[in-house]
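Peer 1: Take this structure first; my questions come after.
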Amino acid sequence: MAKRFVRVLLSRTFLSAVLILVQVAFFVTLFFGLQQVGTVAYIVITLLSILVMSAVVEHDNVNPSYKIMWMLIVAWLPVTGVLFYLWWGSQRITRRNVEKFAAIERSASAAMVQDNAASEALCAQEPALTRNVEYLLRNAAAPLYRNTSGEYFPIGEVFFERFLEVLRGAQRSIFMEYFIIEEGEMWSETLEILRQKAVEGVDVRVVYDAFGSMFTLPPGYDAQLRAMGIKCQPFNPIAFSLHISDYKMLNNRDHRKITVVDGETGFTGGLNFADEYINRKQRFGVWKDTGVMLKGPGVYSLTVTFLKMWDYVSGTQTHYEEYRPRGEYEADGFVQPYCDSPLDGESVSENAYRNVLRRAQKYVYLVTPYLILDNEMITALCLAAQSGVDVRILTPGIPDKWYVYYVTQSYYARLLQAGVRIYEYTPGFVHAKMYVSDDKEAIVGSANMDYRSLYLHFENCCAFYGGHMVRDVRDDVCAALAESREVTLEDVNNTPLLKWLAQVFLRFFSPMM
């Protein structure tokens with residue numbers, strides 16, 4: 001009960017409500033108790049708001065939609081809107097942290113060399129796909145790989161069974177990086193294997209996001225794991241700092257989902273480690289999540305993504321070349337694992353998604369738990385549909401956060417009017433993050449279609465080009481669409497007035513969602 005109470009106190013919803021009440025209280029006090037200084041206070045507030053809005057506009061590498069929404073918040077709530085922005089909006093952190101991340105990225109990028117034979121082979125098969133390959137190589141240091149086998153998991157239970165099988169066979173190393181780890185059956189079964197492997201001398205390392213796991217793990221859990229012989233580092237734990245901008249890192253969470261075993265086998269997708277992800281605990285109906293397993297050269301990118309974060313949280317310097325996979329496997333397609341950082345000024349995840357929409361000729365199906373879009377993404381989705389592409393979006397039928405669900409549904413009208421088809425997953429909650437297009441390419445990973453994933457979090461995804469992995473994603477999405485309810489314009493037009501007003505209100509705060 002106490003933990004749940006603390007969780008509520010630290011939630012964005014509660015803090016937002018408090019700040020709004022502060023705003024109301026301030027104006028009531030100003031009107032009734034400070035009539036003599038009301039004009040001066042108004043001028044000071046106005047100047048402060050102008051300064052903050054100028055700071056918002058000044059950031060050239062920030063999406064214009066993101067800027068506009070923050071300017072509206074500051075203008076609408078001239079007192080607490082400033083506090084909202086300083087806490088959640090500004091992406092500046094200390095120069096020390098920026099330089100530390102940048103040095104690690106430079107070192108890792110030098111180790112990510114493109115195999116020209118792979119890119120030439122893809123170009124010979126599908127020349128149009130090479131543009132996205134080149135974008136990810138240049139802007140995310142993400143090489144394209146062949147001879148990397150893949151296995152797709154359409155739901156968490158199937159993923160977890162295969163995951164444990166591979167984990168039990170680890171001989172040299174196990175690297176894990178996750179946003180949420182929660183005590184329960186899923187983590188207990190995993191932890192027992194990790195403990196045994198550490199005793200056997202396997203190099204076991206775990207990184208978990210300190211904020212994402214704040215209420216799912218006991219305090220000092222990293223010390224408990226280290227006592228078992230497991231190397232563990234929480235990412236960005238909440239701690240006192242003399243540098244105010246250090247607290248901005250609370251905004252930049254490690255949302256990645258990666259496991260690498262022996263440098264040869266890698267897992268990623270949308271799954272964290274909590275019992276609902278494998279449906280051993282029912283929270284929002286059936287929990288649909290997806291994952292992939294890679295074996296071969298492409299695993300190297302997942303390994304380096306993990307090691308970059310490990311070097312940051314542990315203060316080490318890794319020679320990445322030492323971790324290259326040794327084996328090659330039969331594969332009928334290509335894979336390009338990539339990661340995204342909120343500190344480099346490049347919206348890699350969003351641009352990769354938009355590139356899929358730009359190239360689509362026949363169809364694009366996308367799956368996301370949260371649909372909170374900027375103008376560029378809305379334009380890309382609508383333009384594709386208006387150009388004759390079959391664009392379909394699958395969202396949850398049972399939400400995990402009602403207020404995010406309301407904002408998600410607030411985008412339906414414009415998308416439906418443009419010809420986008422929208423489905424809500426009737427059995428329960430969809431946590432998967434996927435794109436698939438024209439039987440030629442697919443993306444599976446950790447990046448939601450919301451502001452936090454696309455602008456503020458550390459994310460990772462895998463792009464697949466051709467082969468059975470693309471077809472497996474397509475078939476799974478089609479199966480999920482078949483058991484979902486299609487949303488119509490009539491449904492949207494019949495939205496109750498109070499819900500519509502709540503959607504309008506909540507849209508103001510979409511940059512924080």
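Each chain of the structure tokens is named A, B, ... in the order shown, its residues numbered from 1; ligands are numbered from 1 in display order.
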In range 131-181 of chain A, what's strand (DSSP E or B) per DSSP? Answer as a list in words?
Peer 2: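 Residues meeting the strand (DSSP E or B) criterion: Tyr145, Ser149, Gly150, Glu151, Tyr152, Phe153, Ser173, Ile174, Phe175, Met176, Glu177, Tyr178 and Ile181 of chain A.
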Peer 1: Env of Leu167 in chain A: 12 Å cut, atoms = only C-alpha atoms, seq-sep filter 4 positions within chain, self excluded. Answer as a ChimeraX atom specification.
Peer 2: /A:160-163,171-176,189-198,202,204,259-262,264-267
Peer 1: Take the residues from that selection and put them in a file with N, CA, C and O atoms, as a short mmCIF file (atom, residue, chain, number, x, y, z; two decimals), in the first residue's frame.
Peer 2:
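The file below, part.cif, is the result:
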```
data_model
loop_
_atom_site.label_atom_id
_atom_site.label_comp_id
_atom_site.auth_asym_id
_atom_site.auth_seq_id
_atom_site.Cartn_x
_atom_site.Cartn_y
_atom_site.Cartn_z
N PHE A 160 9.33 -16.03 -24.12
CA PHE A 160 9.98 -16.36 -22.85
C PHE A 160 10.47 -17.81 -22.83
O PHE A 160 11.54 -18.10 -22.29
N GLU A 161 9.73 -18.70 -23.42
CA GLU A 161 10.14 -20.10 -23.49
C GLU A 161 11.47 -20.23 -24.23
O GLU A 161 12.39 -20.92 -23.79
N ARG A 162 11.57 -19.57 -25.37
CA ARG A 162 12.80 -19.62 -26.16
C ARG A 162 13.93 -18.87 -25.46
O ARG A 162 15.09 -19.29 -25.48
N PHE A 163 13.59 -17.80 -24.83
CA PHE A 163 14.57 -16.98 -24.10
C PHE A 163 15.26 -17.80 -23.02
O PHE A 163 16.49 -17.81 -22.91
N GLN A 171 27.54 -19.73 -22.24
CA GLN A 171 28.87 -20.21 -21.87
C GLN A 171 29.83 -19.10 -21.45
O GLN A 171 30.67 -19.30 -20.58
N ARG A 172 29.69 -17.92 -22.05
CA ARG A 172 30.66 -16.85 -21.80
C ARG A 172 30.05 -15.60 -21.18
O ARG A 172 30.63 -15.03 -20.26
N SER A 173 28.92 -15.15 -21.70
CA SER A 173 28.40 -13.87 -21.22
C SER A 173 26.89 -13.78 -21.42
O SER A 173 26.32 -14.40 -22.32
N ILE A 174 26.26 -13.01 -20.55
CA ILE A 174 24.85 -12.64 -20.67
C ILE A 174 24.74 -11.15 -20.36
O ILE A 174 25.10 -10.72 -19.26
N PHE A 175 24.29 -10.37 -21.33
CA PHE A 175 24.10 -8.94 -21.16
C PHE A 175 22.61 -8.63 -21.26
O PHE A 175 21.96 -9.02 -22.24
N MET A 176 22.06 -7.91 -20.28
CA MET A 176 20.64 -7.56 -20.28
C MET A 176 20.45 -6.08 -19.96
O MET A 176 21.07 -5.56 -19.03
N GLU A 189 12.34 -16.73 -12.54
CA GLU A 189 12.88 -17.81 -13.37
C GLU A 189 14.14 -17.36 -14.09
O GLU A 189 15.11 -18.12 -14.24
N THR A 190 14.13 -16.13 -14.55
CA THR A 190 15.31 -15.59 -15.23
C THR A 190 16.46 -15.42 -14.25
O THR A 190 17.61 -15.79 -14.54
N LEU A 191 16.17 -14.86 -13.09
CA LEU A 191 17.21 -14.57 -12.11
C LEU A 191 17.90 -15.84 -11.63
O LEU A 191 19.12 -15.85 -11.41
N GLU A 192 17.14 -16.92 -11.48
CA GLU A 192 17.75 -18.17 -11.02
C GLU A 192 18.81 -18.65 -12.01
O GLU A 192 19.88 -19.11 -11.63
N ILE A 193 18.51 -18.51 -13.31
CA ILE A 193 19.50 -18.90 -14.32
C ILE A 193 20.69 -17.96 -14.28
O ILE A 193 21.86 -18.40 -14.35
N LEU A 194 20.44 -16.66 -14.16
CA LEU A 194 21.54 -15.69 -14.09
C LEU A 194 22.45 -15.99 -12.90
O LEU A 194 23.68 -15.92 -13.01
N ARG A 195 21.85 -16.30 -11.77
CA ARG A 195 22.63 -16.60 -10.57
C ARG A 195 23.50 -17.83 -10.78
O ARG A 195 24.70 -17.83 -10.46
N GLN A 196 22.91 -18.87 -11.36
CA GLN A 196 23.67 -20.10 -11.62
C GLN A 196 24.81 -19.84 -12.59
O GLN A 196 25.94 -20.33 -12.40
N LYS A 197 24.54 -19.08 -13.63
CA LYS A 197 25.57 -18.80 -14.63
C LYS A 197 26.71 -17.96 -14.04
O LYS A 197 27.89 -18.16 -14.38
N ALA A 198 26.37 -17.04 -13.16
CA ALA A 198 27.41 -16.23 -12.51
C ALA A 198 28.32 -17.13 -11.66
O ALA A 198 29.54 -16.95 -11.63
N VAL A 202 30.26 -17.30 -15.82
CA VAL A 202 29.76 -16.54 -16.97
C VAL A 202 29.70 -15.05 -16.59
O VAL A 202 29.34 -14.69 -15.46
N VAL A 204 27.93 -12.10 -16.33
CA VAL A 204 26.52 -11.70 -16.33
C VAL A 204 26.41 -10.23 -15.93
O VAL A 204 26.88 -9.84 -14.86
N THR A 259 18.74 -8.38 -24.74
CA THR A 259 19.52 -9.45 -24.11
C THR A 259 20.46 -10.01 -25.16
O THR A 259 20.02 -10.30 -26.29
N VAL A 260 21.73 -10.16 -24.81
CA VAL A 260 22.71 -10.79 -25.70
C VAL A 260 23.39 -11.91 -24.94
O VAL A 260 23.88 -11.71 -23.82
N VAL A 261 23.40 -13.10 -25.54
CA VAL A 261 24.01 -14.28 -24.92
C VAL A 261 25.23 -14.70 -25.73
O VAL A 261 25.11 -14.98 -26.94
N ASP A 262 26.38 -14.72 -25.08
CA ASP A 262 27.65 -15.15 -25.68
C ASP A 262 28.03 -14.34 -26.91
O ASP A 262 28.88 -14.77 -27.71
N GLU A 264 26.53 -14.06 -29.51
CA GLU A 264 26.09 -14.76 -30.72
C GLU A 264 24.58 -14.71 -30.90
O GLU A 264 24.09 -14.79 -32.03
N THR A 265 23.84 -14.61 -29.81
CA THR A 265 22.38 -14.64 -29.87
C THR A 265 21.83 -13.41 -29.17
O THR A 265 22.23 -13.10 -28.04
N GLY A 266 20.93 -12.70 -29.84
CA GLY A 266 20.37 -11.48 -29.27
C GLY A 266 18.86 -11.48 -29.30
O GLY A 266 18.24 -11.99 -30.24
N PHE A 267 18.25 -10.92 -28.25
CA PHE A 267 16.80 -10.77 -28.16
C PHE A 267 16.47 -9.29 -28.03
O PHE A 267 17.17 -8.55 -27.33
#
```
Peer 1: Expressed in Å to a single decimal, how great is the separation between CA of Gly397 in chain A and CA of Thr379 in chain A?
Peer 2: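 Separating CA of Gly397 in chain A from CA of Thr379 in chain A is a distance of 24.7 Å.
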Peer 1: What's the 9 Å shell around Ser213 in chain A, counting only C-alpha atoms, without same-chain residues fewer than 3 positions away, as a list in words?
Peer 2: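 Close residues of Ser213 in chain A: Phe179, Ile180, Ile181, Glu182, Tyr208, Asp209, Ala210, Thr216, Leu217 and Pro218 of chain A.
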Peer 1: Enumerate the residues of range 262-465 of chain A with a DSSP assignment of alpha helix (DSSP H), computed from the backbone, and present them as a ChimeraX atom specification.
Peer 2: /A:299-314,348-359,375-386,402-410,412-417,451
Peer 1: Got a sec: who's within 12 Å of Arg138 in chain A, counting only C-alpha atoms, leaving out chain neighbours fewer than 3 positions off, as a list in words?
Peer 2: Ser109, Ala110, Met112, Val113, Gln114, Arg131, Asn132, Val133, Glu134, Tyr135, Ala141, Ala142, Pro143, Leu144, Tyr338, Glu346 and Val348 of chain A
Peer 1: Save the residues we just selected, N, CA, C and O atoms, as an mmCIF file, in the first residue's frame?
Peer 2:
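After the write, selection_0.cif holds the following:
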```
data_model
loop_
_atom_site.group_PDB
_atom_site.id
_atom_site.type_symbol
_atom_site.label_atom_id
_atom_site.label_comp_id
_atom_site.auth_asym_id
_atom_site.auth_seq_id
_atom_site.Cartn_x
_atom_site.Cartn_y
_atom_site.Cartn_z
ATOM 1 N N SER A 109 31.027 4.094 -32.597
ATOM 2 C CA SER A 109 30.776 4.291 -34.032
ATOM 3 C C SER A 109 31.970 3.846 -34.867
ATOM 4 O O SER A 109 31.804 3.313 -35.976
ATOM 5 N N ALA A 110 33.174 4.063 -34.348
ATOM 6 C CA ALA A 110 34.372 3.661 -35.081
ATOM 7 C C ALA A 110 34.443 2.149 -35.254
ATOM 8 O O ALA A 110 35.092 1.648 -36.180
ATOM 9 N N MET A 112 31.755 0.265 -35.770
ATOM 10 C CA MET A 112 30.604 -0.186 -36.562
ATOM 11 C C MET A 112 30.896 0.046 -38.043
ATOM 12 O O MET A 112 30.624 1.125 -38.584
ATOM 13 N N VAL A 113 31.451 -0.930 -38.697
ATOM 14 C CA VAL A 113 31.874 -0.817 -40.101
ATOM 15 C C VAL A 113 30.905 -1.588 -40.992
ATOM 16 O O VAL A 113 30.569 -2.746 -40.714
ATOM 17 N N GLN A 114 30.468 -0.940 -42.050
ATOM 18 C CA GLN A 114 29.540 -1.580 -42.977
ATOM 19 C C GLN A 114 30.243 -2.590 -43.868
ATOM 20 O O GLN A 114 31.285 -2.298 -44.461
ATOM 21 N N ARG A 131 17.938 3.526 -49.220
ATOM 22 C CA ARG A 131 17.929 4.891 -48.674
ATOM 23 C C ARG A 131 17.802 4.867 -47.156
ATOM 24 O O ARG A 131 18.494 5.606 -46.448
ATOM 25 N N ASN A 132 16.915 4.014 -46.647
ATOM 26 C CA ASN A 132 16.793 3.932 -45.195
ATOM 27 C C ASN A 132 18.030 3.287 -44.580
ATOM 28 O O ASN A 132 18.478 3.668 -43.495
ATOM 29 N N VAL A 133 18.598 2.296 -45.282
ATOM 30 C CA VAL A 133 19.833 1.675 -44.816
ATOM 31 C C VAL A 133 20.926 2.729 -44.672
ATOM 32 O O VAL A 133 21.637 2.785 -43.667
ATOM 33 N N GLU A 134 21.047 3.577 -45.669
ATOM 34 C CA GLU A 134 22.073 4.617 -45.640
ATOM 35 C C GLU A 134 21.797 5.632 -44.535
ATOM 36 O O GLU A 134 22.719 6.102 -43.852
ATOM 37 N N TYR A 135 20.521 5.978 -44.339
ATOM 38 C CA TYR A 135 20.173 6.929 -43.278
ATOM 39 C C TYR A 135 20.588 6.381 -41.908
ATOM 40 O O TYR A 135 21.213 7.083 -41.102
ATOM 41 N N ALA A 141 24.952 4.992 -36.786
ATOM 42 C CA ALA A 141 26.091 4.055 -36.810
ATOM 43 C C ALA A 141 25.587 2.619 -36.804
ATOM 44 O O ALA A 141 26.036 1.782 -36.014
ATOM 45 N N ALA A 142 24.637 2.322 -37.701
ATOM 46 C CA ALA A 142 23.954 1.027 -37.719
ATOM 47 C C ALA A 142 24.207 0.318 -39.043
ATOM 48 O O ALA A 142 23.534 0.590 -40.042
ATOM 49 N N PRO A 143 25.172 -0.606 -39.087
ATOM 50 C CA PRO A 143 25.433 -1.348 -40.329
ATOM 51 C C PRO A 143 24.285 -2.295 -40.688
ATOM 52 O O PRO A 143 23.489 -2.704 -39.832
ATOM 53 N N LEU A 144 24.238 -2.637 -41.954
ATOM 54 C CA LEU A 144 23.316 -3.654 -42.462
ATOM 55 C C LEU A 144 24.037 -5.004 -42.434
ATOM 56 O O LEU A 144 25.225 -5.095 -42.750
ATOM 57 N N TYR A 338 19.339 -0.968 -34.815
ATOM 58 C CA TYR A 338 19.785 0.405 -34.579
ATOM 59 C C TYR A 338 19.282 0.881 -33.224
ATOM 60 O O TYR A 338 18.344 0.312 -32.642
ATOM 61 N N GLU A 346 19.121 13.940 -33.162
ATOM 62 C CA GLU A 346 18.593 13.249 -34.335
ATOM 63 C C GLU A 346 17.470 12.310 -33.908
ATOM 64 O O GLU A 346 17.666 11.439 -33.051
ATOM 65 N N VAL A 348 16.047 9.492 -34.680
ATOM 66 C CA VAL A 348 16.281 8.312 -35.514
ATOM 67 C C VAL A 348 15.036 7.437 -35.616
ATOM 68 O O VAL A 348 14.650 7.016 -36.711
#
```
Peer 1: Report as an MDAnalysis selection string all protein, DNA and RNA residues lying within 12 Å of Leu357 in chain A, evaluated on only C-alpha atoms, omitting residues in the same chain fewer than 4 positions from it.
Peer 2: chainID A and resid 129 132 350:353 361:366 376:392 435:438 441:443
Peer 1: Neighbours of Asp222 in chain A within 10 Å (only C-alpha atoms; same-chain residues fewer than 2 positions away dropped), as an mmCIF file with all heavy atoms, in the first residue's frame?
Peer 2:
```cif
data_model
loop_
_atom_site.group_PDB
_atom_site.id
_atom_site.type_symbol
_atom_site.label_atom_id
_atom_site.label_comp_id
_atom_site.auth_asym_id
_atom_site.auth_seq_id
_atom_site.Cartn_x
_atom_site.Cartn_y
_atom_site.Cartn_z
ATOM 1 N N VAL A 206 23.686 -6.745 -15.882
ATOM 2 C CA VAL A 206 22.303 -6.276 -15.975
ATOM 3 C C VAL A 206 22.283 -4.764 -15.810
ATOM 4 O O VAL A 206 22.880 -4.227 -14.873
ATOM 5 C CB VAL A 206 21.411 -6.933 -14.899
ATOM 6 C CG1 VAL A 206 19.998 -6.336 -14.930
ATOM 7 C CG2 VAL A 206 21.355 -8.446 -15.087
ATOM 8 N N VAL A 207 21.588 -4.095 -16.736
ATOM 9 C CA VAL A 207 21.287 -2.666 -16.613
ATOM 10 C C VAL A 207 19.769 -2.523 -16.598
ATOM 11 O O VAL A 207 19.088 -3.067 -17.469
ATOM 12 C CB VAL A 207 21.865 -1.847 -17.788
ATOM 13 C CG1 VAL A 207 21.410 -0.390 -17.702
ATOM 14 C CG2 VAL A 207 23.383 -1.929 -17.811
ATOM 15 N N TYR A 208 19.255 -1.837 -15.595
ATOM 16 C CA TYR A 208 17.817 -1.537 -15.601
ATOM 17 C C TYR A 208 17.624 -0.057 -15.322
ATOM 18 O O TYR A 208 18.451 0.584 -14.662
ATOM 19 C CB TYR A 208 17.053 -2.402 -14.583
ATOM 20 C CG TYR A 208 17.432 -2.202 -13.137
ATOM 21 C CD1 TYR A 208 16.874 -1.186 -12.363
ATOM 22 C CD2 TYR A 208 18.351 -3.061 -12.521
ATOM 23 C CE1 TYR A 208 17.217 -1.019 -11.035
ATOM 24 C CE2 TYR A 208 18.699 -2.898 -11.188
ATOM 25 C CZ TYR A 208 18.128 -1.874 -10.441
ATOM 26 O OH TYR A 208 18.467 -1.703 -9.131
ATOM 27 N N ALA A 210 16.495 2.998 -13.503
ATOM 28 C CA ALA A 210 16.204 3.205 -12.084
ATOM 29 C C ALA A 210 14.827 3.804 -11.863
ATOM 30 O O ALA A 210 14.159 3.491 -10.868
ATOM 31 C CB ALA A 210 17.272 4.101 -11.453
ATOM 32 N N LEU A 217 11.007 -2.828 -8.017
ATOM 33 C CA LEU A 217 12.135 -3.466 -7.352
ATOM 34 C C LEU A 217 12.378 -2.776 -6.012
ATOM 35 O O LEU A 217 12.156 -1.566 -5.886
ATOM 36 C CB LEU A 217 13.402 -3.377 -8.203
ATOM 37 C CG LEU A 217 13.418 -4.149 -9.526
ATOM 38 C CD1 LEU A 217 14.700 -3.849 -10.294
ATOM 39 C CD2 LEU A 217 13.274 -5.656 -9.296
ATOM 40 N N PRO A 218 12.867 -3.512 -5.017
ATOM 41 C CA PRO A 218 13.144 -2.882 -3.725
ATOM 42 C C PRO A 218 14.365 -1.976 -3.807
ATOM 43 O O PRO A 218 15.212 -2.131 -4.694
ATOM 44 C CB PRO A 218 13.406 -4.085 -2.804
ATOM 45 C CG PRO A 218 13.860 -5.180 -3.715
ATOM 46 C CD PRO A 218 13.118 -4.962 -5.007
ATOM 47 N N PRO A 219 14.500 -1.024 -2.884
ATOM 48 C CA PRO A 219 15.687 -0.155 -2.870
ATOM 49 C C PRO A 219 16.962 -0.982 -2.733
ATOM 50 O O PRO A 219 16.998 -2.005 -2.044
ATOM 51 C CB PRO A 219 15.455 0.724 -1.630
ATOM 52 C CG PRO A 219 13.980 0.683 -1.388
ATOM 53 C CD PRO A 219 13.533 -0.669 -1.828
ATOM 54 N N GLY A 220 18.016 -0.536 -3.418
ATOM 55 C CA GLY A 220 19.291 -1.229 -3.335
ATOM 56 C C GLY A 220 19.310 -2.575 -4.017
ATOM 57 O O GLY A 220 20.142 -3.434 -3.694
ATOM 58 N N GLN A 224 21.894 -6.236 -4.270
ATOM 59 C CA GLN A 224 21.478 -7.628 -4.093
ATOM 60 C C GLN A 224 21.972 -8.495 -5.249
ATOM 61 O O GLN A 224 22.435 -9.613 -5.047
ATOM 62 C CB GLN A 224 19.958 -7.721 -3.986
ATOM 63 C CG GLN A 224 19.361 -7.075 -2.754
ATOM 64 C CD GLN A 224 17.858 -7.263 -2.684
ATOM 65 O OE1 GLN A 224 17.318 -8.283 -3.113
ATOM 66 N NE2 GLN A 224 17.171 -6.267 -2.141
ATOM 67 N N LEU A 225 21.873 -7.978 -6.467
ATOM 68 C CA LEU A 225 22.336 -8.745 -7.618
ATOM 69 C C LEU A 225 23.855 -8.901 -7.590
ATOM 70 O O LEU A 225 24.383 -9.979 -7.898
ATOM 71 C CB LEU A 225 21.897 -8.071 -8.919
ATOM 72 C CG LEU A 225 20.395 -8.051 -9.216
ATOM 73 C CD1 LEU A 225 20.163 -7.516 -10.635
ATOM 74 C CD2 LEU A 225 19.768 -9.418 -9.071
ATOM 75 N N ARG A 226 24.549 -7.854 -7.214
ATOM 76 C CA ARG A 226 26.013 -7.946 -7.151
ATOM 77 C C ARG A 226 26.457 -8.972 -6.104
ATOM 78 O O ARG A 226 27.468 -9.650 -6.274
ATOM 79 C CB ARG A 226 26.615 -6.568 -6.870
ATOM 80 C CG ARG A 226 26.571 -5.629 -8.076
ATOM 81 C CD ARG A 226 27.462 -4.421 -7.873
ATOM 82 N NE ARG A 226 26.913 -3.510 -6.902
ATOM 83 C CZ ARG A 226 26.083 -2.502 -7.179
ATOM 84 N NH1 ARG A 226 25.691 -2.315 -8.438
ATOM 85 N NH2 ARG A 226 25.626 -1.701 -6.229
ATOM 86 N N ALA A 227 25.679 -9.104 -5.022
ATOM 87 C CA ALA A 227 25.994 -10.104 -4.004
ATOM 88 C C ALA A 227 25.860 -11.522 -4.554
ATOM 89 O O ALA A 227 26.457 -12.458 -4.010
ATOM 90 C CB ALA A 227 25.092 -9.917 -2.788
ATOM 91 N N ILE A 230 26.330 -11.163 -9.919
ATOM 92 C CA ILE A 230 25.830 -10.542 -11.145
ATOM 93 C C ILE A 230 26.252 -9.078 -11.167
ATOM 94 O O ILE A 230 25.969 -8.331 -10.221
ATOM 95 C CB ILE A 230 24.291 -10.650 -11.214
ATOM 96 C CG1 ILE A 230 23.859 -12.112 -11.239
ATOM 97 C CG2 ILE A 230 23.744 -9.898 -12.420
ATOM 98 C CD1 ILE A 230 22.373 -12.313 -11.035
ATOM 99 N N LYS A 231 26.946 -8.671 -12.203
ATOM 100 C CA LYS A 231 27.318 -7.264 -12.334
ATOM 101 C C LYS A 231 26.059 -6.469 -12.678
ATOM 102 O O LYS A 231 25.367 -6.801 -13.640
ATOM 103 C CB LYS A 231 28.372 -7.093 -13.420
ATOM 104 C CG LYS A 231 29.657 -7.872 -13.160
ATOM 105 C CD LYS A 231 30.579 -7.824 -14.364
ATOM 106 C CE LYS A 231 31.807 -8.702 -14.161
ATOM 107 N NZ LYS A 231 32.658 -8.750 -15.371
ATOM 108 N N CYS A 232 25.783 -5.447 -11.921
ATOM 109 C CA CYS A 232 24.520 -4.713 -12.130
ATOM 110 C C CYS A 232 24.736 -3.223 -11.950
ATOM 111 O O CYS A 232 25.427 -2.782 -11.020
ATOM 112 C CB CYS A 232 23.460 -5.214 -11.148
ATOM 113 S SG CYS A 232 21.867 -4.376 -11.319
ATOM 114 N N GLN A 233 24.131 -2.445 -12.847
ATOM 115 C CA GLN A 233 24.178 -0.992 -12.770
ATOM 116 C C GLN A 233 22.804 -0.435 -13.131
ATOM 117 O O GLN A 233 22.320 -0.645 -14.244
ATOM 118 C CB GLN A 233 25.219 -0.423 -13.741
ATOM 119 C CG GLN A 233 26.654 -0.796 -13.440
ATOM 120 C CD GLN A 233 27.211 -0.058 -12.244
ATOM 121 O OE1 GLN A 233 26.621 0.906 -11.759
ATOM 122 N NE2 GLN A 233 28.353 -0.515 -11.751
ATOM 123 N N PRO A 234 22.132 0.254 -12.207
ATOM 124 C CA PRO A 234 20.888 0.941 -12.588
ATOM 125 C C PRO A 234 21.220 2.181 -13.404
ATOM 126 O O PRO A 234 22.216 2.859 -13.128
ATOM 127 C CB PRO A 234 20.253 1.305 -11.248
ATOM 128 C CG PRO A 234 21.403 1.359 -10.287
ATOM 129 C CD PRO A 234 22.433 0.380 -10.786
#
```
Peer 1: Between CA of Glu322 in chain A and CA of Phe101 in chain A, what is the distance in Å, rounded to a tenth?
Peer 2: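 Distance between the two atoms: 20.7 Å.
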Peer 1: In Å, rounded to a single decimal, give me how far CA of Gly315 in chain A is from CA of Leu137 in chain A.
Peer 2: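 These two atoms are separated by 26.4 Å.
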Peer 1: Identify which of the residues A:Ala418, A:Leu506, A:Ile155, A:Ile258 lies closest to Leu307 in chain A, counting only C-alpha atoms when measuring atom-to-atom distances.
Peer 2: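 The answer is A:Ile258, which sits nearest to Leu307 in chain A.
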Peer 1: Write out as a list in words which residues come within 9 Å of Arg283 in chain A when counting only C-alpha atoms, dropping same-chain ones fewer than 3 positions away.
Peer 2: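 Selected residues are Glu276, Asn279, Val286, Trp287, Asp400, Gly428 and Phe429 of chain A.
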